[in-house]
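The file structure-v9.txt contains compact mmCIF, C-alpha atoms:
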```
# COMPACT_ATOMS: atom_id res chain seq x y z
CA MET N 19 -49.04 44.45 -203.52
CA ASP N 20 -51.85 46.59 -204.88
CA ILE N 21 -49.90 49.77 -204.12
CA ILE N 22 -46.74 48.41 -205.75
CA VAL N 23 -48.24 46.70 -208.81
CA ARG N 24 -51.19 49.08 -209.40
CA PRO N 25 -52.84 46.40 -211.55
CA ILE N 26 -55.19 46.89 -214.46
CA ILE N 27 -57.59 44.02 -215.17
CA HIS N 28 -58.75 43.98 -218.78
CA THR N 29 -60.08 41.79 -221.58
CA HIS N 30 -59.72 41.87 -225.34
CA LYS N 31 -61.60 39.47 -227.60
CA SER N 32 -60.38 35.98 -226.54
CA ALA N 33 -57.95 37.18 -223.88
CA PHE N 34 -58.12 38.30 -220.26
CA PHE N 35 -55.09 39.70 -218.47
CA MET N 36 -53.64 41.74 -215.62
CA ILE N 37 -51.23 44.53 -216.56
CA MET N 38 -48.55 46.44 -214.66
CA ASP N 39 -47.37 49.75 -216.13
CA LEU N 40 -43.55 49.97 -216.04
CA ARG N 41 -43.19 53.54 -217.28
CA ASN N 42 -40.88 55.56 -214.99
CA ARG N 43 -40.24 52.41 -212.95
CA ASP N 44 -36.83 50.75 -212.92
CA ILE N 45 -38.03 47.15 -212.43
CA PRO N 46 -36.68 44.23 -214.51
CA LEU N 47 -39.34 42.70 -216.73
CA ASP N 48 -39.11 39.19 -215.26
CA ILE N 49 -39.43 40.47 -211.69
CA ALA N 50 -42.35 42.71 -212.67
CA GLY N 51 -44.02 39.76 -214.40
CA PHE N 52 -43.72 37.64 -211.27
CA MET N 53 -45.09 40.53 -209.19
CA VAL N 54 -48.16 40.60 -211.42
CA CYS N 55 -48.63 36.85 -210.92
CA ALA N 56 -48.20 37.26 -207.15
CA MET N 57 -50.78 40.05 -207.22
CA ALA N 58 -53.16 37.71 -209.01
CA GLY N 59 -52.30 35.08 -206.39
CA CYS N 60 -53.69 37.37 -203.69
CA PHE N 61 -57.10 36.41 -205.09
CA GLY N 62 -56.39 32.82 -204.07
CA VAL N 63 -55.43 33.97 -200.57
CA ILE N 64 -58.67 35.97 -200.25
CA ILE N 65 -61.08 33.24 -201.35
CA TYR N 66 -59.45 30.57 -199.17
CA GLY N 67 -59.39 33.02 -196.26
CA ILE N 68 -63.15 33.42 -196.70
CA ALA N 69 -63.59 29.62 -196.58
CA ILE N 70 -61.53 29.35 -193.36
CA HIS N 71 -63.60 32.18 -191.87
CA PHE N 72 -66.82 30.27 -192.57
CA ILE N 73 -65.43 27.06 -191.04
CA TYR N 74 -64.42 28.97 -187.90
CA ARG N 75 -67.87 30.53 -187.64
CA TYR N 76 -69.58 27.16 -188.04
CA PHE N 77 -67.47 25.61 -185.27
CA ALA N 78 -68.38 28.59 -183.07
CA VAL N 79 -72.16 28.47 -183.61
CA GLU N 80 -72.52 24.68 -183.41
CA ARG N 81 -71.11 24.74 -179.84
CA GLN N 82 -69.77 21.18 -179.86
CA GLY N 83 -66.22 21.98 -178.80
CA ARG N 84 -64.64 21.90 -182.25
CA ILE N 85 -63.70 25.56 -181.91
CA LYS N 86 -60.66 24.16 -180.04
CA TYR N 87 -59.18 23.34 -183.44
CA PHE N 88 -58.58 27.07 -183.85
CA ASP N 89 -56.46 27.25 -180.69
CA LYS N 90 -52.97 28.73 -180.93
CA LYS N 91 -51.22 25.45 -181.75
CA PHE N 92 -53.48 24.87 -184.79
CA LEU N 93 -53.37 28.43 -186.15
CA PRO N 94 -50.30 27.90 -188.40
CA PHE N 95 -52.22 25.15 -190.20
CA TRP N 96 -55.25 27.38 -190.84
CA PHE N 97 -53.06 30.28 -192.00
CA LEU N 98 -51.15 27.93 -194.30
CA ILE N 99 -54.27 26.99 -196.31
CA PRO N 100 -54.93 30.48 -197.79
CA LEU N 101 -51.20 30.86 -198.49
CA LEU N 102 -51.21 27.58 -200.43
CA GLY N 103 -54.24 28.81 -202.36
CA GLY N 104 -52.35 31.97 -203.24
CA VAL N 105 -49.19 30.09 -204.23
CA SER N 106 -51.24 27.75 -206.46
CA TRP N 107 -52.90 30.70 -208.20
CA THR N 108 -49.53 32.43 -208.63
CA LEU N 109 -47.89 29.34 -210.16
CA VAL N 110 -50.78 28.81 -212.61
CA SER N 111 -50.50 32.46 -213.68
CA TRP N 112 -46.70 32.27 -214.05
CA PHE N 113 -46.41 29.00 -215.98
CA LEU N 114 -49.67 28.86 -217.98
CA PHE N 115 -50.37 32.57 -218.66
CA PRO N 116 -46.87 33.89 -219.49
CA MET N 117 -45.76 36.92 -221.46
CA THR N 118 -45.11 35.98 -225.12
CA THR N 119 -44.54 37.86 -228.36
CA VAL N 120 -47.79 36.46 -229.78
CA THR N 121 -49.82 37.65 -226.79
CA SER N 122 -48.10 41.04 -226.80
CA ALA N 123 -48.94 41.52 -230.48
CA TYR N 124 -52.55 40.48 -229.80
CA ILE N 125 -53.32 42.73 -226.81
CA GLY N 126 -50.82 45.55 -227.50
CA PRO N 127 -52.95 47.70 -229.86
CA ASP N 128 -55.97 47.49 -227.54
CA LEU N 129 -53.86 48.53 -224.55
CA ALA N 130 -52.51 51.50 -226.46
CA GLU N 131 -56.03 52.58 -227.42
CA ALA N 132 -57.72 51.96 -224.04
CA PHE N 133 -54.99 53.05 -221.59
CA ASP N 134 -52.28 54.69 -223.72
CA LEU N 135 -49.89 51.94 -222.57
CA ASP N 136 -46.91 50.61 -224.48
CA ILE N 137 -46.95 46.80 -224.30
CA ASN N 138 -43.14 46.81 -224.43
CA ARG N 139 -43.07 48.87 -221.23
CA SER N 140 -45.59 46.74 -219.39
CA ALA N 141 -45.59 43.44 -217.52
CA TYR N 142 -48.59 41.17 -217.57
CA ALA N 143 -50.10 37.74 -217.05
CA ALA N 144 -52.52 36.89 -219.85
CA ALA N 145 -54.72 34.05 -221.02
CA LEU N 146 -55.08 34.08 -224.81
CA PHE N 147 -57.45 31.28 -225.77
CA PHE N 148 -57.38 31.66 -229.57
CA ALA N 149 -53.94 32.73 -230.71
CA PRO N 150 -53.24 33.34 -234.40
CA ASP N 151 -50.80 30.86 -235.98
CA PRO N 152 -48.20 31.84 -238.64
CA ASN N 153 -50.94 31.51 -241.31
CA GLY N 154 -53.24 33.89 -239.44
CA GLN N 155 -55.66 31.12 -238.38
CA GLU N 156 -56.92 31.22 -234.80
CA VAL N 157 -55.95 28.08 -232.87
CA PHE N 158 -57.20 27.17 -229.41
CA SER N 159 -54.43 27.30 -226.81
CA GLN N 160 -54.47 24.09 -224.78
CA LYS N 161 -52.05 25.69 -222.33
CA CYS N 162 -54.44 28.54 -221.56
CA GLY N 163 -57.37 26.14 -221.49
CA LEU N 164 -55.58 24.08 -218.86
CA GLY N 165 -54.83 27.24 -216.89
CA LEU N 166 -58.51 28.17 -216.93
CA VAL N 167 -59.45 24.70 -215.64
CA PHE N 168 -56.97 25.11 -212.78
CA TYR N 169 -58.33 28.58 -212.01
CA LEU N 170 -61.91 27.26 -211.83
CA LEU N 171 -60.89 24.26 -209.72
CA ILE N 172 -59.02 26.49 -207.26
CA MET N 173 -62.13 28.69 -207.05
CA ALA N 174 -64.56 25.77 -206.78
CA ILE N 175 -63.12 24.41 -203.51
CA PRO N 176 -63.63 27.53 -201.33
CA PHE N 177 -66.90 28.33 -203.11
CA SER N 178 -68.27 24.87 -202.22
CA ILE N 179 -67.13 25.30 -198.62
CA LEU N 180 -68.75 28.73 -198.45
CA ILE N 181 -72.13 27.49 -199.68
CA PHE N 182 -72.16 24.20 -197.73
CA VAL N 183 -70.91 25.62 -194.43
CA GLY N 184 -73.08 28.73 -194.83
CA ILE N 185 -76.23 26.61 -195.13
CA LYS N 186 -75.16 24.45 -192.17
CA SER N 187 -74.48 27.56 -190.09
CA ILE N 188 -77.92 29.00 -190.84
CA GLY N 189 -79.44 25.73 -189.60
CA LYS N 190 -77.43 25.94 -186.37
CA ILE N 191 -78.37 29.59 -185.81
CA LYS N 192 -82.06 28.66 -186.05
CA GLU N 193 -81.51 26.27 -183.12
CA PHE N 194 -80.53 29.12 -180.78
CA PRO N 195 -82.49 29.47 -177.50
CA SER N 196 -86.00 30.91 -177.75
CA SER N 197 -85.39 33.65 -175.17
CA ASN N 198 -85.63 37.29 -176.23
CA TYR N 199 -81.82 37.62 -176.18
CA GLY N 200 -81.42 34.34 -178.07
CA LYS N 201 -83.92 35.39 -180.75
CA GLY N 202 -82.29 38.80 -181.13
CA LEU N 203 -78.81 37.32 -181.44
CA GLN N 204 -80.14 34.67 -183.82
CA MET N 205 -81.60 37.29 -186.17
CA GLN N 206 -78.45 39.44 -186.04
CA LEU N 207 -76.15 36.54 -186.85
CA TYR N 208 -78.56 35.30 -189.51
CA LYS N 209 -78.54 38.66 -191.32
CA ALA N 210 -74.76 38.98 -191.00
CA LEU N 211 -74.22 35.46 -192.32
CA ILE N 212 -76.51 36.04 -195.31
CA ALA N 213 -74.72 39.30 -196.12
CA GLN N 214 -71.25 37.78 -195.77
CA THR N 215 -72.29 34.92 -198.04
CA VAL N 216 -73.81 37.17 -200.69
CA ILE N 217 -70.93 39.69 -200.77
CA PRO N 218 -68.13 37.31 -201.86
CA VAL N 219 -70.45 35.41 -204.21
CA PHE N 220 -71.50 38.54 -206.08
CA LEU N 221 -68.29 40.58 -205.70
CA LEU N 222 -65.69 37.85 -206.25
CA PHE N 223 -66.75 34.36 -207.32
CA ALA N 224 -69.50 35.19 -209.84
CA PRO N 225 -67.92 38.23 -211.60
CA PHE N 226 -64.44 36.70 -211.82
CA GLY N 227 -65.94 33.44 -213.07
CA VAL N 228 -67.72 35.40 -215.81
CA LEU N 229 -64.52 37.32 -216.59
CA PHE N 230 -62.55 34.08 -217.00
CA ILE N 231 -65.13 32.29 -219.17
CA CYS N 232 -66.44 35.05 -221.47
CA PRO N 233 -63.21 35.47 -223.51
CA ILE N 234 -63.47 31.82 -224.66
CA PHE N 235 -66.62 32.88 -226.53
CA GLU N 236 -65.13 36.30 -227.39
CA ILE N 237 -67.86 38.02 -225.39
CA ASP N 238 -66.91 41.59 -224.60
CA CYS N 239 -66.73 42.22 -220.82
CA LYS N 240 -64.39 45.20 -220.65
CA SER N 241 -66.80 47.14 -218.44
CA LEU N 242 -66.87 44.26 -215.95
CA ALA N 243 -63.06 44.08 -215.99
CA THR N 244 -62.83 47.80 -215.19
CA ILE N 245 -65.18 47.40 -212.23
CA LEU N 246 -63.30 44.35 -210.96
CA THR N 247 -60.05 46.31 -210.88
CA PHE N 248 -61.58 48.39 -208.07
CA VAL N 249 -63.54 45.55 -206.44
CA TYR N 250 -60.33 43.50 -206.20
CA ALA N 251 -58.74 46.30 -204.17
CA ILE N 252 -61.65 47.22 -201.85
CA TYR N 253 -63.07 43.76 -201.08
CA PRO N 254 -60.97 43.19 -197.89
CA VAL N 255 -62.47 46.42 -196.53
CA VAL N 256 -66.06 45.56 -197.49
CA ASP N 257 -66.01 41.98 -196.14
CA PRO N 258 -66.24 42.72 -192.37
CA LEU N 259 -68.85 45.48 -192.67
CA PRO N 260 -71.95 43.24 -192.28
CA ILE N 261 -70.74 42.05 -188.87
CA LEU N 262 -70.17 45.65 -187.76
CA PHE N 263 -73.60 46.74 -189.01
CA PHE N 264 -75.82 43.81 -188.09
CA VAL N 265 -74.44 42.51 -184.76
CA GLN N 266 -75.47 44.82 -181.93
CA ASN N 267 -72.48 44.09 -179.69
CA TYR N 268 -70.12 45.22 -182.44
CA ARG N 269 -72.21 48.31 -183.17
CA ASN N 270 -72.19 49.26 -179.49
CA ALA N 271 -68.44 48.69 -179.25
CA LEU N 272 -67.81 50.89 -182.29
CA ARG N 273 -70.12 53.58 -180.94
CA GLU N 274 -68.36 53.54 -177.59
CA PHE N 275 -64.95 53.61 -179.27
CA PHE N 276 -65.72 56.73 -181.33
CA TYR N 277 -67.52 58.32 -178.38
CA CYS N 278 -64.46 57.79 -176.18
CA CYS N 279 -62.23 59.24 -178.93
CA ARG N 280 -64.39 62.39 -179.05
CA CYS N 281 -64.37 62.63 -175.26
CA GLN N 282 -60.59 62.33 -175.14
CA LYS N 283 -60.21 65.07 -177.75
CA LYS N 284 -62.50 67.36 -175.77
CA MET N 285 -60.63 66.57 -172.53
CA SER N 286 -57.27 67.25 -174.15
CA SER N 287 -58.49 70.57 -175.56
CA ARG N 288 -59.72 71.59 -172.10
CA VAL N 289 -56.41 70.62 -170.52
CA ASN N 290 -54.54 72.67 -173.11
CA ILE N 291 -56.72 75.73 -172.45
CA ALA N 292 -56.61 75.52 -168.68
CA PRO N 293 -52.99 76.75 -168.16
CA GLU N 294 -53.69 79.85 -170.26
CA GLU N 295 -56.75 80.64 -168.24
CA ILE N 296 -54.78 80.17 -165.03
CA SER N 297 -52.05 82.46 -166.34
CA ARG N 298 -54.56 85.21 -167.18
CA ASP N 299 -56.12 84.92 -163.77
CA ALA N 300 -52.72 85.19 -162.10
CA ASP N 301 -51.80 88.28 -164.15
CA SER N 302 -55.08 89.99 -163.37
CA ASN N 303 -54.62 89.33 -159.67
```
Please, can you express the file's structure as structure tokens?
Amino acid sequence: MDIIVRPIIHTHKSAFFMIMDLRNRDIPLDIAGFMVCAMAGCFGVIIYGIAIHFIYRYFAVERQGRIKYFDKKFLPFWFLIPLLGGVSWTLVSWFLFPMTTVTSAYIGPDLAEAFDLDINRSAYAAALFFAPDPNGQEVFSQKCGLGLVFYLLIMAIPFSILIFVGIKSIGKIKEFPSSNYGKGLQMQLYKALIAQTVIPVFLLFAPFGVLFICPIFEIDCKSLATILTFVYAIYPVVDPLPILFFVQNYRNALREFFYCCRCQKKMSSRVNIAPEEISRDADSN
């Protein structure tokens, strides 16, 4: 979706929005608009996927048999939860943050100045909290206000799970055996858990929460929006890194994997050279 939509996240006064540039792209406006909303919905998939990940980890470290609820027959249920989160986010974006002539007139000049984009050749999903009425007076949009409430509620559920289950997991990790191996594993998992709690809080929940709320008060956060355009794309890559760095078993497995790859390359190069050497030896004889 990121490759197809190539989204731009931006704010302007009392509006935040995601834009898709349609120049040199033969995509109907309605379809492009829904694609933007679906791209925004990927955020819902990500944050609920994080919550499911934390629940799985808690079941694993508590060692009371509840990890069985992640057996094959239950997996469709767990995969369905992030998808429902994404669908909910997409529907809120589509119905409560639609493309309108008023919104286009409001954000169009800023888009032209900031990105050299023509609003008439762009698709977007936008929340405009204070839209000008026919008399030029700014009026609060109840529709966008309701959309913001839904956004925050959808975010609040996985955020609460992340914090609650994260704290519970830390308590369980501290109960690990007191042997040298148990203490080492305890510290590794503790560091990884802290890192994987901090990363989504400070890369997703907190900055996007600020991005959604600041336009109500017309606080400029264009720099944050620019950063979040990149963070939104790279977060799935960043998320697993703490496990790979902090847990020794994973580090060793990665080291062995790359070492084996190097060995195989060296072996293949030797095999390729050997016939030539044999041929030279035969000719000389």
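Between atom CA of Met57 of chain N and atom CA of Ala210 of chain N the separation is 29.0 Å.
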Show me a table, sorted first by chain and then by increasing residue number, of the residues of segment 58-125 of chain N having an atom at most 9 Å from segment 131-151 of chain N, each with its shortest atom pair and the distance in Å to one decimal, counting only C-alpha atoms and written as CSV.
```
residue,atom,partner,partner_atom,distance
N:Ala58,CA,N:Ala143,CA,8.6
N:Ser111,CA,N:Ala143,CA,6.3
N:Trp112,CA,N:Ala143,CA,7.1
N:Leu114,CA,N:Ala145,CA,7.9
N:Phe115,CA,N:Ala144,CA,5.0
N:Pro116,CA,N:Ala143,CA,5.6
N:Met117,CA,N:Ala143,CA,6.2
N:Val120,CA,N:Ala149,CA,7.3
N:Thr121,CA,N:Leu146,CA,6.7
N:Ser122,CA,N:Ile137,CA,6.4
N:Ala123,CA,N:Ile137,CA,8.4
N:Tyr124,CA,N:Ala149,CA,7.9
N:Ile125,CA,N:Ile137,CA,8.0
```
Check your understanding: Counting all atoms listed in the file, which of N:Val79, N:Ile26, N:Ile70, N:Leu129 gets nearest to Ile175 of chain N?
Key -> N:Ile70
Review point. Neighbours of Thr244 of chain N within 8 Å (all atoms listed in the file; same-chain residues fewer than 2 positions away dropped), as a ChimeraX atom specification?
Key: /N:26-28,240-242,246-248
Taking (-79.8, 28.7, -186.5) in the file's coordinates as the center, which residues reach within 9 Å of it, counting all atoms listed in the file, put as a PDB file with C-alpha atoms, keeping the file's coordinate frame?
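The resulting file, out.pdb, is shown below:
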```
ATOM      1  CA  VAL N  79     -72.160  28.470-183.610  1.00  0.00           C
ATOM      2  CA  GLU N  80     -72.520  24.680-183.410  1.00  0.00           C
ATOM      3  CA  LYS N 186     -75.160  24.450-192.170  1.00  0.00           C
ATOM      4  CA  SER N 187     -74.480  27.560-190.090  1.00  0.00           C
ATOM      5  CA  ILE N 188     -77.920  29.000-190.840  1.00  0.00           C
ATOM      6  CA  GLY N 189     -79.440  25.730-189.600  1.00  0.00           C
ATOM      7  CA  LYS N 190     -77.430  25.940-186.370  1.00  0.00           C
ATOM      8  CA  ILE N 191     -78.370  29.590-185.810  1.00  0.00           C
ATOM      9  CA  LYS N 192     -82.060  28.660-186.050  1.00  0.00           C
ATOM     10  CA  GLU N 193     -81.510  26.270-183.120  1.00  0.00           C
ATOM     11  CA  PHE N 194     -80.530  29.120-180.780  1.00  0.00           C
ATOM     12  CA  GLN N 204     -80.140  34.670-183.820  1.00  0.00           C
ATOM     13  CA  MET N 205     -81.600  37.290-186.170  1.00  0.00           C
ATOM     14  CA  LEU N 207     -76.150  36.540-186.850  1.00  0.00           C
ATOM     15  CA  TYR N 208     -78.560  35.300-189.510  1.00  0.00           C
TER      16      TYR N 208
END
```
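Across the model, the gap from atom CA of Ile68 of chain N to atom CA of Ile22 of chain N is 24.0 Å.
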Practice item. May I ask for the distance between atom CA of Ile185 of chain N and atom CA of Gln214 of chain N, given in Å to one decimal place? Key: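 Distance reported for this atom pair: 12.2 Å.
When only C-alpha atoms are used to measure the gap to Ile252 of chain N, the shortest distance among N:Asp20, N:Pro195, N:Pro176, N:Cys281 belongs to N:Asp20.
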Exercise for review: Write out as a list of chain:residue names each polymer residue whose atoms come within 9 Å of Leu102 of chain N, counting all atoms listed in the file; drop sequence neighbours fewer than 4 positions from it.
Suggested key: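 Once the nearby chain positions are removed, what remains is N:Gly62, N:Val63, N:Tyr66, N:Leu98, N:Ser106, N:Trp107.
Distance check against Leu222 of chain N using all atoms listed in the file: of N:Ile65, N:Leu262, N:Cys239, N:Met36, the minimum falls on N:Ile65.
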Using the incomplete input, complete segment 265-278 of chain N to the level of N, CA, C and O atoms; output as a compact mmCIF listing (two decimals), in the coordinates of the input.
```
# COMPACT_ATOMS: atom_id res chain seq x y z
N VAL N 265 -74.56 43.08 -186.11
CA VAL N 265 -74.44 42.51 -184.76
C VAL N 265 -74.36 43.66 -183.75
O VAL N 265 -73.44 44.48 -183.80
N GLN N 266 -75.32 43.69 -182.83
CA GLN N 266 -75.47 44.82 -181.93
C GLN N 266 -74.25 45.03 -181.05
O GLN N 266 -73.84 46.17 -180.79
N ASN N 267 -73.65 43.95 -180.56
CA ASN N 267 -72.48 44.09 -179.69
C ASN N 267 -71.35 44.82 -180.39
O ASN N 267 -70.65 45.64 -179.79
N TYR N 268 -71.17 44.53 -181.68
CA TYR N 268 -70.12 45.22 -182.44
C TYR N 268 -70.49 46.68 -182.68
O TYR N 268 -69.64 47.58 -182.61
N ARG N 269 -71.76 46.92 -182.97
CA ARG N 269 -72.21 48.31 -183.17
C ARG N 269 -71.98 49.12 -181.91
O ARG N 269 -71.49 50.26 -181.96
N ASN N 270 -72.36 48.55 -180.76
CA ASN N 270 -72.19 49.26 -179.49
C ASN N 270 -70.71 49.52 -179.21
O ASN N 270 -70.33 50.60 -178.74
N ALA N 271 -69.87 48.52 -179.49
CA ALA N 271 -68.44 48.69 -179.25
C ALA N 271 -67.86 49.80 -180.12
O ALA N 271 -67.06 50.62 -179.66
N LEU N 272 -68.29 49.83 -181.39
CA LEU N 272 -67.81 50.89 -182.29
C LEU N 272 -68.29 52.25 -181.82
O LEU N 272 -67.53 53.23 -181.81
N ARG N 273 -69.56 52.32 -181.41
CA ARG N 273 -70.12 53.58 -180.94
C ARG N 273 -69.37 54.08 -179.71
O ARG N 273 -69.03 55.25 -179.61
N GLU N 274 -69.10 53.17 -178.79
CA GLU N 274 -68.36 53.54 -177.59
C GLU N 274 -66.93 53.96 -177.92
O GLU N 274 -66.39 54.89 -177.32
N PHE N 275 -66.32 53.27 -178.89
CA PHE N 275 -64.95 53.61 -179.27
C PHE N 275 -64.87 55.04 -179.80
O PHE N 275 -64.03 55.83 -179.37
N PHE N 276 -65.76 55.39 -180.75
CA PHE N 276 -65.72 56.73 -181.33
C PHE N 276 -66.16 57.78 -180.31
O PHE N 276 -65.67 58.91 -180.31
N TYR N 277 -67.09 57.39 -179.42
CA TYR N 277 -67.52 58.32 -178.38
C TYR N 277 -66.37 58.63 -177.43
O TYR N 277 -66.13 59.78 -177.07
N CYS N 278 -65.61 57.60 -177.06
CA CYS N 278 -64.46 57.79 -176.18
C CYS N 278 -63.39 58.64 -176.86
O CYS N 278 -62.75 59.48 -176.22
```
